[in-house]
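Visitor: Pasting a structure below so you can have a look.
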Amino acid sequence: GENVEQHPSTLSVQEGDSAVIKCTYSDSASNYFPWYKQELGKRPQLIIDIRSNVGEKKDQRIAVTLNKTAKHFSLHITETQPEDSAVYFCAAKRRGTSYGKLTFGQGTILTVHP
Amino acid sequence: EPEVTQTPSHQVTQMGQEVILRCVPISNHLYFYWYRQILGQKVEFLVSFYNNEISEKSEIFDDQFSVERPDGSNFTLKIRSTKLEDSAMYFCASSEADQPQHFGDGTRLSIL
């Protein structure tokens with residue numbers, strides 16, 4: 001089955017710096033890659049996603065890049081703010097099913113220091 | 001914005017007891033999911049449900065687990081005989097076909 005590895009497990013940055021979180025996946029049949037932000041005790045919230053027919057997607061300060069050949073994708077947050085502090089999870093879904101399960105990475109605890 | 005709602009927010013149960021976790025998916029969604037997250041760990045898939053039947057389940061989802069859509073709005077997860085290791089946060093999610101999954105706030109299940 002699919003395996004998703006996420007690095008780093010913790011990331012500490014100064015406000016205004018950029019943050020990059022990387023994930024690799026094992027199943028070449030995966031074609032959908034969402035990123036979720038989870039604040040302490042709260043639900044995972046989708047912040048951005050990318051499908052395998054696209055190499056990069058951007059939404060204001062957040063961007064995701066995908067390298068299908070290398071089977072890795074990354075989350076980029078620019079001009080970080082203290083409210084960006086949370087746990088970030090990447091995930092992958094296999095193509096071919098409308099209902100496909102999400103396989104999550106281990107999570108990255110991002111801390112943005114004011 | 002419509003949300004997935006889950007009840008209760010926290011459930012404390014004695015080991016060996018049955019527990020039912022409830023979810024109300026977003027109204028026009030047809031695909032429903034349960035995930036769990038043990039404290040400090042990643043989110044793990046349990047089961048997906050579509051058209052009144054299980055579409056896919058993980059190895060975690062053994063005979064002690066069952067899901068049901070008892071009416072047009074609720075989606076439930078039942079654990080028949082709870083074990084200590086079932087203690088976790090359980091998230092319900094829903095989606096439209098091939099669209100992002102939206103998660104509820106979760107039910108924290110504590111087994112004593």
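In the structure tokens, the first chain shown is A, the next is B, and so on; residue numbers restart at 1 for each chain, and ligands run from 1 in the order shown.
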Using only C-alpha atoms, find which residues of chain B lie within 6 Å of chain A and jot them down as an mmCIF file with N, CA and C atoms, in the first residue's frame.

Guide:
```cif
data_model
loop_
_atom_site.group_PDB
_atom_site.id
_atom_site.type_symbol
_atom_site.label_atom_id
_atom_site.label_comp_id
_atom_site.auth_asym_id
_atom_site.auth_seq_id
_atom_site.Cartn_x
_atom_site.Cartn_y
_atom_site.Cartn_z
ATOM 1 N N LYS B 42 0.135 10.323 13.522
ATOM 2 C CA LYS B 42 -0.510 10.788 12.297
ATOM 3 C C LYS B 42 -1.952 10.299 12.211
ATOM 4 N N ALA B 97 -17.788 13.559 -5.050
ATOM 5 C CA ALA B 97 -16.968 12.681 -5.875
ATOM 6 C C ALA B 97 -15.688 13.380 -6.306
ATOM 7 N N ASP B 98 -14.570 12.751 -5.976
ATOM 8 C CA ASP B 98 -13.259 13.227 -6.401
ATOM 9 C C ASP B 98 -12.983 14.668 -5.982
ATOM 10 N N GLY B 104 -14.531 16.712 10.391
ATOM 11 C CA GLY B 104 -15.211 17.253 11.565
ATOM 12 C C GLY B 104 -14.201 17.564 12.654
ATOM 13 N N ASP B 105 -14.706 18.077 13.781
ATOM 14 C CA ASP B 105 -13.842 18.450 14.902
ATOM 15 C C ASP B 105 -13.347 17.249 15.695
#
```

Visitor: Env of stretch 106-109 of chain B: 12 Å cut, atoms = only C-alpha atoms, seq-sep filter 4 positions within chain, self excluded. Answer as a PDB file with N, CA and C atoms, in the first residue's frame.

Guide:
```pdb
ATOM      1  N   GLN A  38      -3.418  21.489  11.189  1.00  0.00           N
ATOM      2  CA  GLN A  38      -4.167  21.096  12.367  1.00  0.00           C
ATOM      3  C   GLN A  38      -3.669  21.862  13.581  1.00  0.00           C
ATOM      4  N   GLY A  41      -5.865  20.329  19.156  1.00  0.00           N
ATOM      5  CA  GLY A  41      -7.217  19.924  19.535  1.00  0.00           C
ATOM      6  C   GLY A  41      -8.297  20.195  18.510  1.00  0.00           C
ATOM      7  N   LYS A  42      -7.872  20.608  17.309  1.00  0.00           N
ATOM      8  CA  LYS A  42      -8.861  20.969  16.288  1.00  0.00           C
ATOM      9  C   LYS A  42      -8.844  19.980  15.117  1.00  0.00           C
ATOM     10  N   ARG A  43      -9.766  20.179  14.219  1.00  0.00           N
ATOM     11  CA  ARG A  43      -9.849  19.327  13.034  1.00  0.00           C
ATOM     12  C   ARG A  43      -8.732  19.641  12.051  1.00  0.00           C
ATOM     13  N   PRO A  44      -8.303  18.669  11.247  1.00  0.00           N
ATOM     14  CA  PRO A  44      -7.405  18.981  10.130  1.00  0.00           C
ATOM     15  C   PRO A  44      -8.175  19.825   9.113  1.00  0.00           C
TER      16      PRO A  44
ATOM     17  N   GLU B   3     -20.259  22.523   7.484  1.00  0.00           N
ATOM     18  CA  GLU B   3     -19.236  21.775   8.206  1.00  0.00           C
ATOM     19  C   GLU B   3     -19.721  20.370   8.529  1.00  0.00           C
ATOM     20  N   VAL B   4     -18.759  19.483   8.713  1.00  0.00           N
ATOM     21  CA  VAL B   4     -19.052  18.163   9.255  1.00  0.00           C
ATOM     22  C   VAL B   4     -19.146  18.316  10.773  1.00  0.00           C
ATOM     23  N   THR B   5     -20.192  17.780  11.374  1.00  0.00           N
ATOM     24  CA  THR B   5     -20.349  17.882  12.826  1.00  0.00           C
ATOM     25  C   THR B   5     -20.276  16.491  13.451  1.00  0.00           C
ATOM     26  N   GLN B   6     -19.620  16.428  14.605  1.00  0.00           N
ATOM     27  CA  GLN B   6     -19.455  15.157  15.310  1.00  0.00           C
ATOM     28  C   GLN B   6     -19.894  15.290  16.753  1.00  0.00           C
ATOM     29  N   THR B   7     -20.533  14.233  17.242  1.00  0.00           N
ATOM     30  CA  THR B   7     -20.909  14.184  18.657  1.00  0.00           C
ATOM     31  C   THR B   7     -20.637  12.784  19.210  1.00  0.00           C
ATOM     32  N   PRO B   8     -20.299  12.662  20.507  1.00  0.00           N
ATOM     33  CA  PRO B   8     -19.940  13.772  21.386  1.00  0.00           C
ATOM     34  C   PRO B   8     -18.531  14.269  21.091  1.00  0.00           C
ATOM     35  N   SER B   9     -18.132  15.335  21.722  1.00  0.00           N
ATOM     36  CA  SER B   9     -16.769  15.822  21.537  1.00  0.00           C
ATOM     37  C   SER B   9     -15.792  14.968  22.343  1.00  0.00           C
ATOM     38  N   HIS B  10     -16.257  14.420  23.453  1.00  0.00           N
ATOM     39  CA  HIS B  10     -15.427  13.560  24.293  1.00  0.00           C
ATOM     40  C   HIS B  10     -16.296  12.443  24.850  1.00  0.00           C
ATOM     41  N   GLN B  11     -15.793  11.223  24.722  1.00  0.00           N
ATOM     42  CA  GLN B  11     -16.506  10.042  25.203  1.00  0.00           C
ATOM     43  C   GLN B  11     -15.554   9.238  26.078  1.00  0.00           C
ATOM     44  N   VAL B  12     -16.006   8.977  27.308  1.00  0.00           N
ATOM     45  CA  VAL B  12     -15.217   8.149  28.221  1.00  0.00           C
ATOM     46  C   VAL B  12     -15.993   6.849  28.435  1.00  0.00           C
ATOM     47  N   THR B  13     -15.327   5.732  28.227  1.00  0.00           N
ATOM     48  CA  THR B  13     -16.001   4.426  28.256  1.00  0.00           C
ATOM     49  C   THR B  13     -15.120   3.408  28.951  1.00  0.00           C
ATOM     50  N   GLN B  14     -15.773   2.490  29.642  1.00  0.00           N
ATOM     51  CA  GLN B  14     -15.050   1.387  30.279  1.00  0.00           C
ATOM     52  C   GLN B  14     -14.644   0.373  29.215  1.00  0.00           C
ATOM     53  N   MET B  15     -13.474  -0.208  29.385  1.00  0.00           N
ATOM     54  CA  MET B  15     -12.992  -1.251  28.481  1.00  0.00           C
ATOM     55  C   MET B  15     -14.033  -2.366  28.388  1.00  0.00           C
ATOM     56  N   GLU B  18     -19.494  -1.075  24.566  1.00  0.00           N
ATOM     57  CA  GLU B  18     -19.747  -0.630  23.191  1.00  0.00           C
ATOM     58  C   GLU B  18     -19.824   0.894  23.163  1.00  0.00           C
ATOM     59  N   VAL B  19     -19.360   1.464  22.079  1.00  0.00           N
ATOM     60  CA  VAL B  19     -19.456   2.914  21.934  1.00  0.00           C
ATOM     61  C   VAL B  19     -19.891   3.242  20.509  1.00  0.00           C
ATOM     62  N   ILE B  20     -20.704   4.264  20.382  1.00  0.00           N
ATOM     63  CA  ILE B  20     -21.148   4.738  19.064  1.00  0.00           C
ATOM     64  C   ILE B  20     -20.753   6.205  18.920  1.00  0.00           C
ATOM     65  N   LEU B  21     -20.012   6.483  17.878  1.00  0.00           N
ATOM     66  CA  LEU B  21     -19.610   7.854  17.566  1.00  0.00           C
ATOM     67  C   LEU B  21     -20.469   8.328  16.395  1.00  0.00           C
ATOM     68  N   ARG B  22     -20.938   9.558  16.512  1.00  0.00           N
ATOM     69  CA  ARG B  22     -21.902  10.056  15.527  1.00  0.00           C
ATOM     70  C   ARG B  22     -21.340  11.213  14.714  1.00  0.00           C
ATOM     71  N   CYS B  23     -21.781  11.262  13.471  1.00  0.00           N
ATOM     72  CA  CYS B  23     -21.311  12.281  12.534  1.00  0.00           C
ATOM     73  C   CYS B  23     -22.473  12.714  11.655  1.00  0.00           C
ATOM     74  N   VAL B  24     -22.521  13.994  11.369  1.00  0.00           N
ATOM     75  CA  VAL B  24     -23.444  14.498  10.352  1.00  0.00           C
ATOM     76  C   VAL B  24     -22.585  15.087   9.241  1.00  0.00           C
ATOM     77  N   TRP B  34     -14.143   7.529   8.051  1.00  0.00           N
ATOM     78  CA  TRP B  34     -13.678   7.630   9.432  1.00  0.00           C
ATOM     79  C   TRP B  34     -12.161   7.466   9.450  1.00  0.00           C
ATOM     80  N   TYR B  35     -11.529   8.343  10.211  1.00  0.00           N
ATOM     81  CA  TYR B  35     -10.099   8.275  10.463  1.00  0.00           C
ATOM     82  C   TYR B  35      -9.904   8.307  11.979  1.00  0.00           C
ATOM     83  N   ARG B  36      -8.732   7.867  12.409  1.00  0.00           N
ATOM     84  CA  ARG B  36      -8.419   8.043  13.819  1.00  0.00           C
ATOM     85  C   ARG B  36      -7.007   8.601  13.955  1.00  0.00           C
ATOM     86  N   GLN B  37      -6.772   9.240  15.092  1.00  0.00           N
ATOM     87  CA  GLN B  37      -5.463   9.818  15.368  1.00  0.00           C
ATOM     88  C   GLN B  37      -5.133   9.553  16.831  1.00  0.00           C
ATOM     89  N   ILE B  38      -4.202   8.644  17.037  1.00  0.00           N
ATOM     90  CA  ILE B  38      -3.702   8.410  18.389  1.00  0.00           C
ATOM     91  C   ILE B  38      -2.871   9.622  18.781  1.00  0.00           C
ATOM     92  N   LEU B  39      -2.916   9.994  20.054  1.00  0.00           N
ATOM     93  CA  LEU B  39      -2.286  11.225  20.523  1.00  0.00           C
ATOM     94  C   LEU B  39      -0.834  11.343  20.059  1.00  0.00           C
ATOM     95  N   VAL B  43      -2.670  10.899  11.305  1.00  0.00           N
ATOM     96  CA  VAL B  43      -4.052  10.507  11.049  1.00  0.00           C
ATOM     97  C   VAL B  43      -4.044   9.215  10.228  1.00  0.00           C
ATOM     98  N   THR B  76     -22.540   6.745  11.451  1.00  0.00           N
ATOM     99  CA  THR B  76     -22.040   6.355  12.766  1.00  0.00           C
ATOM    100  C   THR B  76     -20.915   5.330  12.665  1.00  0.00           C
ATOM    101  N   LEU B  77     -20.050   5.366  13.668  1.00  0.00           N
ATOM    102  CA  LEU B  77     -19.004   4.367  13.847  1.00  0.00           C
ATOM    103  C   LEU B  77     -19.268   3.683  15.179  1.00  0.00           C
ATOM    104  N   LYS B  78     -19.372   2.361  15.163  1.00  0.00           N
ATOM    105  CA  LYS B  78     -19.593   1.596  16.381  1.00  0.00           C
ATOM    106  C   LYS B  78     -18.380   0.725  16.667  1.00  0.00           C
ATOM    107  N   ILE B  79     -17.966   0.737  17.911  1.00  0.00           N
ATOM    108  CA  ILE B  79     -16.932  -0.179  18.365  1.00  0.00           C
ATOM    109  C   ILE B  79     -17.601  -1.095  19.385  1.00  0.00           C
ATOM    110  N   THR B  82     -14.756  -2.264  23.369  1.00  0.00           N
ATOM    111  CA  THR B  82     -13.596  -1.373  23.298  1.00  0.00           C
ATOM    112  C   THR B  82     -12.391  -1.920  24.056  1.00  0.00           C
ATOM    113  N   LYS B  83     -11.205  -1.585  23.514  1.00  0.00           N
ATOM    114  CA  LYS B  83      -9.942  -1.949  24.145  1.00  0.00           C
ATOM    115  C   LYS B  83      -9.209  -0.654  24.517  1.00  0.00           C
ATOM    116  N   LEU B  84      -8.237  -0.786  25.391  1.00  0.00           N
ATOM    117  CA  LEU B  84      -7.458   0.392  25.785  1.00  0.00           C
ATOM    118  C   LEU B  84      -6.841   1.076  24.560  1.00  0.00           C
ATOM    119  N   GLU B  85      -6.373   0.278  23.615  1.00  0.00           N
ATOM    120  CA  GLU B  85      -5.701   0.833  22.435  1.00  0.00           C
ATOM    121  C   GLU B  85      -6.646   1.527  21.458  1.00  0.00           C
ATOM    122  N   ASP B  86      -7.942   1.470  21.724  1.00  0.00           N
ATOM    123  CA  ASP B  86      -8.889   2.222  20.902  1.00  0.00           C
ATOM    124  C   ASP B  86      -8.937   3.698  21.305  1.00  0.00           C
ATOM    125  N   SER B  87      -8.288   4.040  22.380  1.00  0.00           N
ATOM    126  CA  SER B  87      -8.246   5.441  22.815  1.00  0.00           C
ATOM    127  C   SER B  87      -7.560   6.275  21.749  1.00  0.00           C
ATOM    128  N   ALA B  88      -8.264   7.271  21.248  1.00  0.00           N
ATOM    129  CA  ALA B  88      -7.754   8.096  20.149  1.00  0.00           C
ATOM    130  C   ALA B  88      -8.773   9.191  19.857  1.00  0.00           C
ATOM    131  N   MET B  89      -8.381  10.077  18.966  1.00  0.00           N
ATOM    132  CA  MET B  89      -9.332  11.049  18.406  1.00  0.00           C
ATOM    133  C   MET B  89      -9.871  10.431  17.127  1.00  0.00           C
ATOM    134  N   TYR B  90     -11.174  10.395  16.985  1.00  0.00           N
ATOM    135  CA  TYR B  90     -11.805   9.834  15.797  1.00  0.00           C
ATOM    136  C   TYR B  90     -12.408  10.976  14.969  1.00  0.00           C
ATOM    137  N   PHE B  91     -11.979  11.057  13.725  1.00  0.00           N
ATOM    138  CA  PHE B  91     -12.468  12.094  12.823  1.00  0.00           C
ATOM    139  C   PHE B  91     -13.372  11.484  11.761  1.00  0.00           C
ATOM    140  N   CYS B  92     -14.477  12.131  11.544  1.00  0.00           N
ATOM    141  CA  CYS B  92     -15.343  11.827  10.422  1.00  0.00           C
ATOM    142  C   CYS B  92     -15.024  12.825   9.316  1.00  0.00           C
ATOM    143  N   ALA B  93     -15.126  12.403   8.080  1.00  0.00           N
ATOM    144  CA  ALA B  93     -14.919  13.303   6.947  1.00  0.00           C
ATOM    145  C   ALA B  93     -15.936  12.979   5.866  1.00  0.00           C
ATOM    146  N   HIS B 102     -13.536  16.912   3.800  1.00  0.00           N
ATOM    147  CA  HIS B 102     -13.695  17.887   4.870  1.00  0.00           C
ATOM    148  C   HIS B 102     -13.893  17.133   6.181  1.00  0.00           C
TER     149      HIS B 102
END
```

Visitor: What does the distance from atom CA of A:Lys68 to atom CA of A:Ser26 come to in Å, to one decimal?

Guide: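 Pair atom CA of A:Lys68 / atom CA of A:Ser26 returns 10.7 Å.
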
Visitor: When you look at A:Leu75 with a cut-off of 9 Å (counting only C-alpha atoms), what residues show up, excluding the ones that are within fewer than 6 positions of it in the same chain? I need them as an mmCIF file with C-alpha atoms, in the first residue's frame.

Guide:
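Output file around.cif follows:
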```cif
data_model
loop_
_atom_site.group_PDB
_atom_site.id
_atom_site.type_symbol
_atom_site.label_atom_id
_atom_site.label_comp_id
_atom_site.auth_asym_id
_atom_site.auth_seq_id
_atom_site.Cartn_x
_atom_site.Cartn_y
_atom_site.Cartn_z
ATOM 1 C CA ALA A 19 9.102 27.415 5.731
ATOM 2 C CA VAL A 20 9.369 24.318 3.558
ATOM 3 C CA ILE A 21 7.969 20.892 4.397
ATOM 4 C CA LYS A 22 8.683 17.894 2.169
ATOM 5 C CA CYS A 23 6.866 14.633 1.574
ATOM 6 C CA TRP A 35 -2.034 19.499 2.740
ATOM 7 C CA ILE A 48 -4.013 23.600 -0.412
ATOM 8 C CA ILE A 62 1.175 29.119 0.370
ATOM 9 C CA ALA A 63 2.439 27.055 -2.542
ATOM 10 C CA VAL A 64 2.790 23.366 -3.276
ATOM 11 C CA THR A 65 5.150 21.780 -5.798
ATOM 12 C CA CYS A 90 0.659 15.977 3.819
#
```
